[in-house]
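S.K.: Following this line is data.tsv, made up of TSV, N, CA and C atoms:
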chain	number	residue	atom	x	y	z
A	1	MET	N	-8.66	-5.80	-25.83
A	1	MET	CA	-7.93	-5.21	-24.76
A	1	MET	C	-7.72	-3.73	-25.06
A	2	SER	N	-8.09	-2.89	-24.11
A	2	SER	CA	-7.95	-1.45	-24.32
A	2	SER	C	-6.63	-0.94	-23.74
A	3	ARG	N	-6.24	0.22	-24.18
A	3	ARG	CA	-5.03	0.88	-23.70
A	3	ARG	C	-5.42	2.27	-23.20
A	4	ILE	N	-4.53	2.88	-22.42
A	4	ILE	CA	-4.78	4.21	-21.90
A	4	ILE	C	-3.66	5.12	-22.39
A	5	HIS	N	-4.01	6.25	-22.96
A	5	HIS	CA	-3.01	7.21	-23.41
A	5	HIS	C	-2.58	8.07	-22.22
A	6	GLY	N	-1.29	8.33	-22.11
A	6	GLY	CA	-0.75	9.08	-20.98
A	6	GLY	C	-1.21	10.52	-20.88
A	7	ARG	N	-1.72	11.09	-21.95
A	7	ARG	CA	-2.12	12.51	-21.93
A	7	ARG	C	-3.27	12.79	-20.97
A	8	SER	N	-3.97	11.75	-20.55
A	8	SER	CA	-5.14	11.93	-19.70
A	8	SER	C	-4.82	11.95	-18.20
A	9	GLY	N	-3.55	11.79	-17.83
A	9	GLY	CA	-3.18	11.74	-16.42
A	9	GLY	C	-3.37	13.07	-15.71
A	10	VAL	N	-3.65	12.97	-14.41
A	10	VAL	CA	-3.83	14.14	-13.56
A	10	VAL	C	-3.17	13.83	-12.21
A	11	VAL	N	-2.52	14.84	-11.62
A	11	VAL	CA	-1.94	14.70	-10.29
A	11	VAL	C	-2.57	15.74	-9.38
A	12	THR	N	-3.03	15.30	-8.20
A	12	THR	CA	-3.58	16.23	-7.23
A	12	THR	C	-2.86	16.07	-5.90
A	13	ILE	N	-2.75	17.18	-5.18
A	13	ILE	CA	-2.26	17.19	-3.82
A	13	ILE	C	-3.43	17.67	-2.98
A	14	GLY	N	-3.90	16.82	-2.07
A	14	GLY	CA	-5.16	17.11	-1.38
A	14	GLY	C	-6.26	17.10	-2.41
A	15	THR	N	-6.92	18.25	-2.57
A	15	THR	CA	-7.98	18.36	-3.58
A	15	THR	C	-7.58	19.27	-4.73
A	16	GLU	N	-6.33	19.78	-4.69
A	16	GLU	CA	-5.87	20.73	-5.71
A	16	GLU	C	-5.12	20.03	-6.84
A	17	GLU	N	-5.57	20.25	-8.07
A	17	GLU	CA	-4.86	19.72	-9.22
A	17	GLU	C	-3.56	20.49	-9.43
A	18	ILE	N	-2.49	19.77	-9.69
A	18	ILE	CA	-1.20	20.40	-9.94
A	18	ILE	C	-1.11	20.74	-11.42
A	19	SER	N	-0.80	22.00	-11.72
A	19	SER	CA	-0.73	22.43	-13.11
A	19	SER	C	0.64	22.15	-13.70
A	20	GLY	N	0.70	22.05	-15.00
A	20	GLY	CA	1.95	21.92	-15.72
A	20	GLY	C	2.57	20.53	-15.70
A	21	VAL	N	1.87	19.52	-15.19
A	21	VAL	CA	2.45	18.17	-15.09
A	21	VAL	C	2.69	17.60	-16.48
A	22	THR	N	3.89	17.07	-16.69
A	22	THR	CA	4.23	16.44	-17.97
A	22	THR	C	4.38	14.92	-17.83
A	23	SER	N	4.71	14.45	-16.63
A	23	SER	CA	4.81	13.01	-16.41
A	23	SER	C	4.89	12.71	-14.93
A	24	PHE	N	4.58	11.48	-14.59
A	24	PHE	CA	4.81	11.01	-13.23
A	24	PHE	C	5.20	9.55	-13.28
A	25	SER	N	5.90	9.13	-12.24
A	25	SER	CA	6.27	7.72	-12.13
A	25	SER	C	6.03	7.28	-10.70
A	26	TYR	N	5.77	6.00	-10.53
A	26	TYR	CA	5.52	5.44	-9.20
A	26	TYR	C	6.06	4.02	-9.18
A	27	ASP	N	6.89	3.71	-8.18
A	27	ASP	CA	7.50	2.39	-8.04
A	27	ASP	C	7.17	1.82	-6.67
A	28	VAL	N	6.87	0.53	-6.62
A	28	VAL	CA	6.63	-0.17	-5.37
A	28	VAL	C	7.69	-1.25	-5.21
A	29	THR	N	8.25	-1.33	-4.01
A	29	THR	CA	9.22	-2.38	-3.71
A	29	THR	C	8.78	-3.10	-2.44
A	30	ALA	N	9.31	-4.28	-2.24
A	30	ALA	CA	9.05	-5.03	-1.01
A	30	ALA	C	10.37	-5.62	-0.53
A	31	ASP	N	10.59	-5.49	0.77
A	31	ASP	CA	11.78	-6.10	1.36
A	31	ASP	C	11.67	-7.61	1.28
A	32	SER	N	12.80	-8.25	1.23
A	32	SER	CA	12.82	-9.71	1.34
A	32	SER	C	13.99	-10.08	2.23
A	33	THR	N	13.78	-11.09	3.04
A	33	THR	CA	14.80	-11.55	3.97
A	33	THR	C	15.17	-12.97	3.62
A	34	ASP	N	16.46	-13.22	3.53
A	34	ASP	CA	16.96	-14.57	3.26
A	34	ASP	C	16.78	-15.41	4.51
A	35	ALA	N	15.95	-16.43	4.43
A	35	ALA	CA	15.67	-17.32	5.56
A	35	ALA	C	16.31	-18.70	5.37
A	36	THR	N	17.26	-18.79	4.45
A	36	THR	CA	17.90	-20.06	4.14
A	36	THR	C	18.75	-20.54	5.32
A	37	ALA	N	18.70	-21.83	5.60
A	37	ALA	CA	19.51	-22.44	6.66
A	37	ALA	C	20.41	-23.51	6.04
A	38	MET	N	21.47	-23.82	6.76
A	38	MET	CA	22.37	-24.89	6.27
A	38	MET	C	21.56	-26.16	6.04
A	39	GLY	N	21.85	-26.83	4.96
A	39	GLY	CA	21.16	-28.07	4.62
A	39	GLY	C	19.94	-27.88	3.74
A	40	ASP	N	19.45	-26.63	3.59
A	40	ASP	CA	18.31	-26.40	2.70
A	40	ASP	C	18.74	-26.65	1.26
A	41	PRO	N	17.87	-27.26	0.45
A	41	PRO	CA	18.25	-27.56	-0.93
A	41	PRO	C	18.23	-26.33	-1.85
A	42	ALA	N	17.58	-25.27	-1.42
A	42	ALA	CA	17.50	-24.04	-2.22
A	42	ALA	C	17.28	-22.86	-1.28
A	43	LYS	N	17.52	-21.69	-1.79
A	43	LYS	CA	17.31	-20.49	-0.96
A	43	LYS	C	15.82	-20.33	-0.65
A	44	GLU	N	15.55	-19.79	0.53
A	44	GLU	CA	14.18	-19.53	0.96
A	44	GLU	C	14.12	-18.07	1.42
A	45	TYR	N	13.07	-17.38	1.01
A	45	TYR	CA	12.93	-15.98	1.35
A	45	TYR	C	11.60	-15.73	2.05
A	46	LEU	N	11.61	-14.71	2.91
A	46	LEU	CA	10.39	-14.25	3.56
A	46	LEU	C	10.11	-12.83	3.06
A	47	GLY	N	8.85	-12.59	2.71
A	47	GLY	CA	8.46	-11.25	2.26
A	47	GLY	C	8.44	-10.29	3.42
A	48	GLY	N	8.80	-9.04	3.16
A	48	GLY	CA	8.84	-8.02	4.20
A	48	GLY	C	7.91	-6.87	3.90
A	49	LEU	N	8.30	-5.72	4.35
A	49	LEU	CA	7.49	-4.52	4.22
A	49	LEU	C	7.56	-3.94	2.81
A	50	LYS	N	6.43	-3.38	2.37
A	50	LYS	CA	6.38	-2.71	1.07
A	50	LYS	C	6.67	-1.22	1.25
A	51	ASP	N	7.16	-0.60	0.19
A	51	ASP	CA	7.42	0.82	0.18
A	51	ASP	C	7.15	1.35	-1.22
A	52	GLY	N	6.84	2.61	-1.32
A	52	GLY	CA	6.60	3.23	-2.61
A	52	GLY	C	7.36	4.53	-2.73
A	53	SER	N	7.70	4.89	-3.95
A	53	SER	CA	8.37	6.17	-4.22
A	53	SER	C	8.11	6.55	-5.67
A	54	GLY	N	8.31	7.81	-5.96
A	54	GLY	CA	8.10	8.24	-7.33
A	54	GLY	C	8.49	9.68	-7.54
A	55	THR	N	8.18	10.15	-8.74
A	55	THR	CA	8.45	11.54	-9.11
A	55	THR	C	7.27	12.11	-9.87
A	56	VAL	N	7.15	13.42	-9.79
A	56	VAL	CA	6.19	14.17	-10.59
A	56	VAL	C	6.99	15.26	-11.31
A	57	GLU	N	6.97	15.21	-12.64
A	57	GLU	CA	7.69	16.20	-13.44
A	57	GLU	C	6.68	17.18	-14.03
A	58	MET	N	7.09	18.46	-14.06
A	58	MET	CA	6.16	19.47	-14.55
A	58	MET	C	6.90	20.68	-15.08
A	59	ARG	N	6.18	21.49	-15.85
A	59	ARG	CA	6.67	22.79	-16.27
A	59	ARG	C	6.45	23.75	-15.10
A	60	LEU	N	7.41	24.60	-14.84
A	60	LEU	CA	7.24	25.59	-13.78
A	60	LEU	C	6.16	26.58	-14.17
A	61	VAL	N	5.16	26.73	-13.32
A	61	VAL	CA	4.08	27.71	-13.51
A	61	VAL	C	4.23	28.71	-12.36
A	62	PRO	N	4.86	29.87	-12.61
A	62	PRO	CA	5.21	30.79	-11.52
A	62	PRO	C	4.06	31.15	-10.59
A	63	GLU	N	2.87	31.39	-11.14
A	63	GLU	CA	1.75	31.77	-10.27
A	63	GLU	C	1.28	30.61	-9.40
A	64	ASP	N	1.60	29.37	-9.75
A	64	ASP	CA	1.26	28.21	-8.92
A	64	ASP	C	2.37	27.85	-7.94
A	65	PHE	N	3.50	28.53	-8.05
A	65	PHE	CA	4.64	28.22	-7.20
A	65	PHE	C	4.83	29.28	-6.12
A	66	GLN	N	4.03	30.32	-6.14
A	66	GLN	CA	4.14	31.38	-5.13
A	66	GLN	C	3.86	30.84	-3.74
A	67	ALA	N	4.30	31.58	-2.73
A	67	ALA	CA	4.17	31.14	-1.34
A	67	ALA	C	2.72	30.83	-0.95
A	68	SER	N	1.78	31.60	-1.45
A	68	SER	CA	0.38	31.39	-1.07
A	68	SER	C	-0.39	30.56	-2.10
A	69	ALA	N	0.30	30.09	-3.13
A	69	ALA	CA	-0.38	29.36	-4.20
A	69	ALA	C	-0.64	27.92	-3.80
A	70	THR	N	-1.54	27.30	-4.54
A	70	THR	CA	-1.80	25.87	-4.34
A	70	THR	C	-1.21	25.10	-5.50
A	71	GLY	N	-1.08	23.80	-5.35
A	71	GLY	CA	-0.52	22.97	-6.41
A	71	GLY	C	0.98	22.86	-6.28
A	72	GLN	N	1.72	23.45	-7.21
A	72	GLN	CA	3.18	23.37	-7.18
A	72	GLN	C	3.74	23.93	-5.87
A	73	GLY	N	3.19	25.05	-5.41
A	73	GLY	CA	3.63	25.64	-4.15
A	73	GLY	C	3.39	24.74	-2.96
A	74	ASP	N	2.26	24.01	-2.98
A	74	ASP	CA	1.96	23.06	-1.90
A	74	ASP	C	3.01	21.96	-1.81
A	75	LEU	N	3.47	21.48	-2.97
A	75	LEU	CA	4.50	20.44	-2.98
A	75	LEU	C	5.80	20.96	-2.37
A	76	TYR	N	6.18	22.18	-2.75
A	76	TYR	CA	7.41	22.75	-2.21
A	76	TYR	C	7.28	23.00	-0.70
A	77	ASP	N	6.11	23.50	-0.28
A	77	ASP	CA	5.88	23.72	1.15
A	77	ASP	C	5.97	22.41	1.93
A	78	ALA	N	5.41	21.34	1.37
A	78	ALA	CA	5.46	20.03	2.04
A	78	ALA	C	6.90	19.56	2.19
A	79	LEU	N	7.73	19.81	1.19
A	79	LEU	CA	9.15	19.47	1.28
A	79	LEU	C	9.82	20.29	2.36
A	80	SER	N	9.57	21.59	2.37
A	80	SER	CA	10.19	22.49	3.34
A	80	SER	C	9.75	22.19	4.77
A	81	ASP	N	8.47	21.87	4.94
A	81	ASP	CA	7.91	21.63	6.28
A	81	ASP	C	8.13	20.21	6.78
A	82	GLY	N	8.39	19.28	5.85
A	82	GLY	CA	8.53	17.88	6.23
A	82	GLY	C	7.21	17.23	6.61
A	83	THR	N	6.11	17.79	6.13
A	83	THR	CA	4.79	17.26	6.46
A	83	THR	C	4.30	16.31	5.38
A	84	GLY	N	3.44	15.40	5.76
A	84	GLY	CA	2.83	14.48	4.80
A	84	GLY	C	1.71	15.17	4.04
A	85	VAL	N	1.47	14.71	2.83
A	85	VAL	CA	0.38	15.22	2.01
A	85	VAL	C	-0.35	14.05	1.36
A	86	THR	N	-1.58	14.28	0.98
A	86	THR	CA	-2.33	13.29	0.23
A	86	THR	C	-2.07	13.53	-1.25
A	87	LEU	N	-1.52	12.53	-1.91
A	87	LEU	CA	-1.18	12.64	-3.32
A	87	LEU	C	-2.02	11.64	-4.10
A	88	THR	N	-2.57	12.07	-5.22
A	88	THR	CA	-3.32	11.19	-6.10
A	88	THR	C	-2.74	11.28	-7.50
A	89	LEU	N	-2.42	10.11	-8.05
A	89	LEU	CA	-1.93	10.00	-9.42
A	89	LEU	C	-3.03	9.33	-10.23
A	90	GLU	N	-3.71	10.09	-11.06
A	90	GLU	CA	-4.81	9.54	-11.87
A	90	GLU	C	-4.28	9.19	-13.25
A	91	VAL	N	-4.57	7.98	-13.69
A	91	VAL	CA	-4.09	7.54	-15.00
A	91	VAL	C	-5.01	8.00	-16.13
A	92	GLY	N	-6.18	8.52	-15.80
A	92	GLY	CA	-7.09	9.02	-16.83
A	92	GLY	C	-7.94	7.95	-17.46
A	93	ASN	N	-8.13	6.84	-16.77
A	93	ASN	CA	-8.91	5.73	-17.31
A	93	ASN	C	-10.40	5.97	-17.10
A	94	THR	N	-11.16	5.98	-18.15
A	94	THR	CA	-12.61	6.13	-18.05
A	94	THR	C	-13.31	4.84	-18.47
A	95	GLY	N	-12.62	3.73	-18.35
A	95	GLY	CA	-13.10	2.44	-18.82
A	95	GLY	C	-14.20	1.83	-17.97
A	96	GLU	N	-14.13	0.53	-17.83
A	96	GLU	CA	-15.17	-0.27	-17.19
A	96	GLU	C	-15.05	-0.27	-15.66
A	97	THR	N	-16.15	-0.61	-15.00
A	97	THR	CA	-16.14	-0.80	-13.56
A	97	THR	C	-15.06	-1.81	-13.20
A	98	GLY	N	-14.28	-1.49	-12.19
A	98	GLY	CA	-13.20	-2.37	-11.75
A	98	GLY	C	-11.86	-2.07	-12.38
A	99	ASP	N	-11.81	-1.18	-13.40
A	99	ASP	CA	-10.55	-0.81	-14.03
A	99	ASP	C	-9.74	0.10	-13.12
A	100	LEU	N	-8.42	0.00	-13.19
A	100	LEU	CA	-7.52	0.86	-12.45
A	100	LEU	C	-7.69	2.31	-12.90
A	101	THR	N	-7.86	3.23	-11.95
A	101	THR	CA	-7.96	4.65	-12.29
A	101	THR	C	-6.77	5.45	-11.77
A	102	GLY	N	-5.98	4.87	-10.88
A	102	GLY	CA	-4.82	5.59	-10.36
A	102	GLY	C	-4.38	5.05	-9.02
A	103	TYR	N	-3.67	5.92	-8.28
A	103	TYR	CA	-3.11	5.56	-6.98
A	103	TYR	C	-3.27	6.76	-6.05
A	104	THR	N	-3.55	6.51	-4.78
A	104	THR	CA	-3.72	7.61	-3.83
A	104	THR	C	-3.26	7.20	-2.45
A	105	GLY	N	-2.78	8.18	-1.69
A	105	GLY	CA	-2.37	7.93	-0.32
A	105	GLY	C	-1.52	9.06	0.23
A	106	SER	N	-1.04	8.86	1.44
A	106	SER	CA	-0.22	9.86	2.11
A	106	SER	C	1.25	9.62	1.82
A	107	VAL	N	1.95	10.68	1.44
A	107	VAL	CA	3.37	10.60	1.10
A	107	VAL	C	4.10	11.77	1.75
A	108	ILE	N	5.42	11.65	1.77
A	108	ILE	CA	6.24	12.82	2.09
A	108	ILE	C	6.95	13.23	0.81
A	109	VAL	N	7.10	14.52	0.63
A	109	VAL	CA	7.86	15.05	-0.51
A	109	VAL	C	9.31	15.11	-0.04
A	110	ASN	N	10.21	14.40	-0.74
A	110	ASN	CA	11.58	14.29	-0.25
A	110	ASN	C	12.64	14.84	-1.19
A	111	SER	N	12.25	15.39	-2.34
A	111	SER	CA	13.25	16.00	-3.21
A	111	SER	C	12.60	17.00	-4.16
A	112	PHE	N	13.44	17.91	-4.63
A	112	PHE	CA	13.02	18.93	-5.58
A	112	PHE	C	14.19	19.19	-6.52
A	113	ALA	N	13.93	19.27	-7.81
A	113	ALA	CA	14.97	19.60	-8.79
A	113	ALA	C	14.40	20.63	-9.76
A	114	HIS	N	15.24	21.57	-10.14
A	114	HIS	CA	14.89	22.63	-11.09
A	114	HIS	C	15.87	22.51	-12.24
A	115	SER	N	15.36	22.46	-13.47
A	115	SER	CA	16.27	22.41	-14.62
A	115	SER	C	15.78	23.37	-15.69
A	116	GLN	N	16.75	24.01	-16.33
A	116	GLN	CA	16.41	24.90	-17.44
A	116	GLN	C	17.61	25.04	-18.33
A	117	SER	N	17.32	25.31	-19.57
A	117	SER	CA	18.37	25.59	-20.55
A	117	SER	C	17.90	26.74	-21.41
A	118	PHE	N	18.80	27.28	-22.19
A	118	PHE	CA	18.48	28.47	-22.99
A	118	PHE	C	17.45	28.19	-24.07
A	119	ASP	N	17.24	26.92	-24.43
A	119	ASP	CA	16.34	26.62	-25.55
A	119	ASP	C	15.15	25.75	-25.17
A	120	ASP	N	14.74	25.82	-23.90
A	120	ASP	CA	13.62	25.00	-23.45
A	120	ASP	C	12.89	25.72	-22.33
A	121	VAL	N	11.72	25.23	-21.98
A	121	VAL	CA	10.98	25.79	-20.85
A	121	VAL	C	11.59	25.31	-19.55
A	122	VAL	N	11.28	26.00	-18.47
A	122	VAL	CA	11.80	25.62	-17.15
A	122	VAL	C	10.99	24.44	-16.63
A	123	ASN	N	11.71	23.42	-16.17
A	123	ASN	CA	11.09	22.21	-15.64
A	123	ASN	C	11.45	22.03	-14.18
A	124	ILE	N	10.51	21.46	-13.41
A	124	ILE	CA	10.78	21.10	-12.02
A	124	ILE	C	10.32	19.68	-11.79
A	125	THR	N	10.97	19.02	-10.86
A	125	THR	CA	10.63	17.64	-10.53
A	125	THR	C	10.58	17.51	-9.01
A	126	PHE	N	9.52	16.91	-8.52
A	126	PHE	CA	9.40	16.60	-7.10
A	126	PHE	C	9.48	15.09	-6.92
A	127	GLY	N	10.20	14.64	-5.91
A	127	GLY	CA	10.24	13.23	-5.55
A	127	GLY	C	9.41	13.01	-4.29
A	128	PHE	N	8.82	11.84	-4.18
A	128	PHE	CA	8.01	11.53	-3.00
A	128	PHE	C	8.26	10.10	-2.55
A	129	GLN	N	7.92	9.84	-1.30
A	129	GLN	CA	8.05	8.49	-0.76
A	129	GLN	C	6.83	8.19	0.09
A	130	GLY	N	6.28	7.02	-0.11
A	130	GLY	CA	5.11	6.56	0.62
A	130	GLY	C	4.33	5.59	-0.25
A	131	LEU	N	3.68	4.65	0.39
A	131	LEU	CA	2.94	3.63	-0.33
A	131	LEU	C	1.55	4.15	-0.69
A	132	LEU	N	1.22	4.13	-1.96
A	132	LEU	CA	-0.08	4.56	-2.45
A	132	LEU	C	-0.97	3.34	-2.68
A	133	ASP	N	-2.25	3.53	-2.48
A	133	ASP	CA	-3.21	2.45	-2.72
A	133	ASP	C	-3.76	2.57	-4.14
A	134	PRO	N	-3.89	1.46	-4.85
A	134	PRO	CA	-4.54	1.52	-6.16
A	134	PRO	C	-6.00	1.93	-6.01
A	135	ALA	N	-6.51	2.70	-6.96
A	135	ALA	CA	-7.92	3.09	-6.97
A	135	ALA	C	-8.56	2.50	-8.22
A	136	TYR	N	-9.78	2.05	-8.08
A	136	TYR	CA	-10.49	1.38	-9.17
A	136	TYR	C	-11.82	2.06	-9.44
A	137	LYS	N	-12.25	2.04	-10.69
A	137	LYS	CA	-13.53	2.64	-11.07
A	137	LYS	C	-14.66	1.82	-10.46
A	138	SER	N	-15.57	2.55	-9.81
A	138	SER	CA	-16.71	1.85	-9.18
A	138	SER	C	-17.96	1.98	-10.00
Please, can you express the file's structure as structure tokens?
M.R.:
Amino acid sequence: MSRIHGRSGVVTIGTEEISGVTSFSYDVTADSTDATAMGDPAKEYLGGLKDGSGTVEMRLVPEDFQASATGQGDLYDALSDGTGVTLTLEVGNTGETGDLTGYTGSVIVNSFAHSQSFDDVVNITFGFQGLLDPAYKS
């Protein structure tokens, strides 16, 4: 059984690679509805709609965050404009045919955080919401 090291990950918005990425996370949830009725011997649930959300954490790269820049600037513009973007989270897997290579799809950027301290580099985090499709090596 092989493993994948996180250092190989890549995040793109559209076709532009985002620079300075240090980590990303992606979570999928599904609604469930309690369909239990009186007299049932146990609870019964019905599956509902799926949803996805996540974050992309990165070092601030000023030249990529400018108004006309691509990458980090595109993410901020998408948040400001409220427009959807195509986001791809690549896990960096170069393994066998059929192996998971990442997730891709249309999302909205719904949050931005900037953090810095006197003894560290400046970090930014973008949050997104939308269901991504798994991608597999062909």
S.K.: Work out how far atom N of Thr104 of chain A is from atom C of Asp27 of chain A, in Å to one decimal.
M.R.: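 Separation of atom C of Asp27 of chain A and atom N of Thr104 of chain A: 11.9 Å.
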S.K.: Using DSSP on the backbone coordinates, identify the residues of chain A assigned to helix (DSSP H, G or I); present them as a list of chain:residue names.
M.R.: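 Output for chain A, helix (DSSP H, G or I) only: A:Gly6, A:Arg7, A:Ser8, A:Pro62, A:Glu63, A:Asp64, A:Phe65, A:Gln72, A:Gly73, A:Asp74, A:Leu75, A:Tyr76, A:Asp77, A:Ala78, A:Leu79, A:Ser80, A:Asp81.
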S.K.: Tell me, as a list in words, which residues lie within 5 Å of segment 124-133 of chain A, counting only N, CA and C atoms; anything in the same chain fewer than 2 positions away does not count.
M.R.: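 So the residues in contact are Asp51, Gly52, Ser53, Gly54, Thr55, Val56, Glu57, Met58, Arg59, Leu60, Tyr103, Thr104, Gly105, Val107, Ile108, Val109, Asn110, Ser111, Phe112, Ala113, His114, Ser115, Val122 and Ala135 of chain A.
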S.K.: Around all the atoms of segment 20-26 of chain A listed in the file, draw an axis-aligned box and extend it by 6 Å on each of the six sides; I want its centre and edge lengths in Å to one decimal, as AutoDock Vina command-line options.
M.R.:
--center_x 3.5 --center_y 13.0 --center_z -13.6 --size_x 17.6 --size_y 30.0 --size_z 20.8
S.K.: Work out how far atom C of Thr88 of chain A is from atom N of Gln116 of chain A, in Å to one decimal.
M.R.: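 Rounded to one decimal, the two atoms are 24.9 Å apart.
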S.K.: Between atom CA of Gly84 of chain A and atom CA of Gln72 of chain A, what is the distance, to one decimal in Å?
M.R.: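 Distance between the two atoms: 14.9 Å.
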S.K.: Is it possible to get the residues within 8 Å of (-4.6, 10.3, -12.9) (coordinates as in the file, counting all atoms listed in the file) written as a list in words?
M.R.: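 The residues that fall inside the cut-off are Ser8, Gly9, Val10, Val11, Thr12, Thr88, Leu89, Glu90, Val91, Gly92, Asn93, Thr101, Gly102 and Tyr103 of chain A.
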S.K.: Give the strand (DSSP E) residues of segment 53-102 of chain A, as DSSP finds them on the backbone, and put them as a ChimeraX atom specification.
M.R.: /A:53-59,84-90,100-102
S.K.: From the set A:Ile18, A:Leu46, A:Arg3, A:Ser138, which residue has the shortest atom-to-atom contact distance to Thr70 of chain A, counting all atoms listed in the file?
M.R.: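 Distance minimum relative to Thr70 of chain A lands on A:Ile18.
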S.K.: Taking only C-alpha atoms into account, which of A:Ser117, A:Ala42, A:Gly47, A:Val28 comes nearest Pro134 of chain A?
M.R.: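 Of all the options, A:Val28 lies closest to Pro134 of chain A.
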S.K.: Mind checking which residues fall within 6 Å of Glu44 of chain A, counting all atoms listed in the file, ignoring those fewer than 4 positions away in the same chain, and posting them as a tab-separated table (two decimals) with N, CA and C atoms, in the frame of the given file?
M.R.:
chain	number	residue	atom	x	y	z
A	33	THR	N	13.78	-11.09	3.04
A	33	THR	CA	14.80	-11.55	3.97
A	33	THR	C	15.17	-12.97	3.62
A	34	ASP	N	16.46	-13.22	3.53
A	34	ASP	CA	16.96	-14.57	3.26
A	34	ASP	C	16.78	-15.41	4.51
A	35	ALA	N	15.95	-16.43	4.43
A	35	ALA	CA	15.67	-17.32	5.56
A	35	ALA	C	16.31	-18.70	5.37
A	36	THR	N	17.26	-18.79	4.45
A	36	THR	CA	17.90	-20.06	4.14
A	36	THR	C	18.75	-20.54	5.32
S.K.: Taking only C-alpha atoms into account, name the residue in A:Asp119, A:Asp40, A:Asp64, A:Asp74 that is nearest to Gly14 of chain A.
M.R.: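 Ranked by minimum distance to Gly14 of chain A, first place goes to A:Asp74.
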S.K.: Near Gly48 of chain A, counting only N, CA and C atoms, which residues have an atom at most 7 Å away, once you skip same-chain residues fewer than 6 positions from it, shown as a PyMOL selection string?
M.R.: chain A and resi 30-33
S.K.: Using only C-alpha atoms, can you tell me which of A:Thr86, A:Lys137, A:Ile4, A:Ile13 comes closest to Gly71 of chain A?
M.R.: A:Ile13
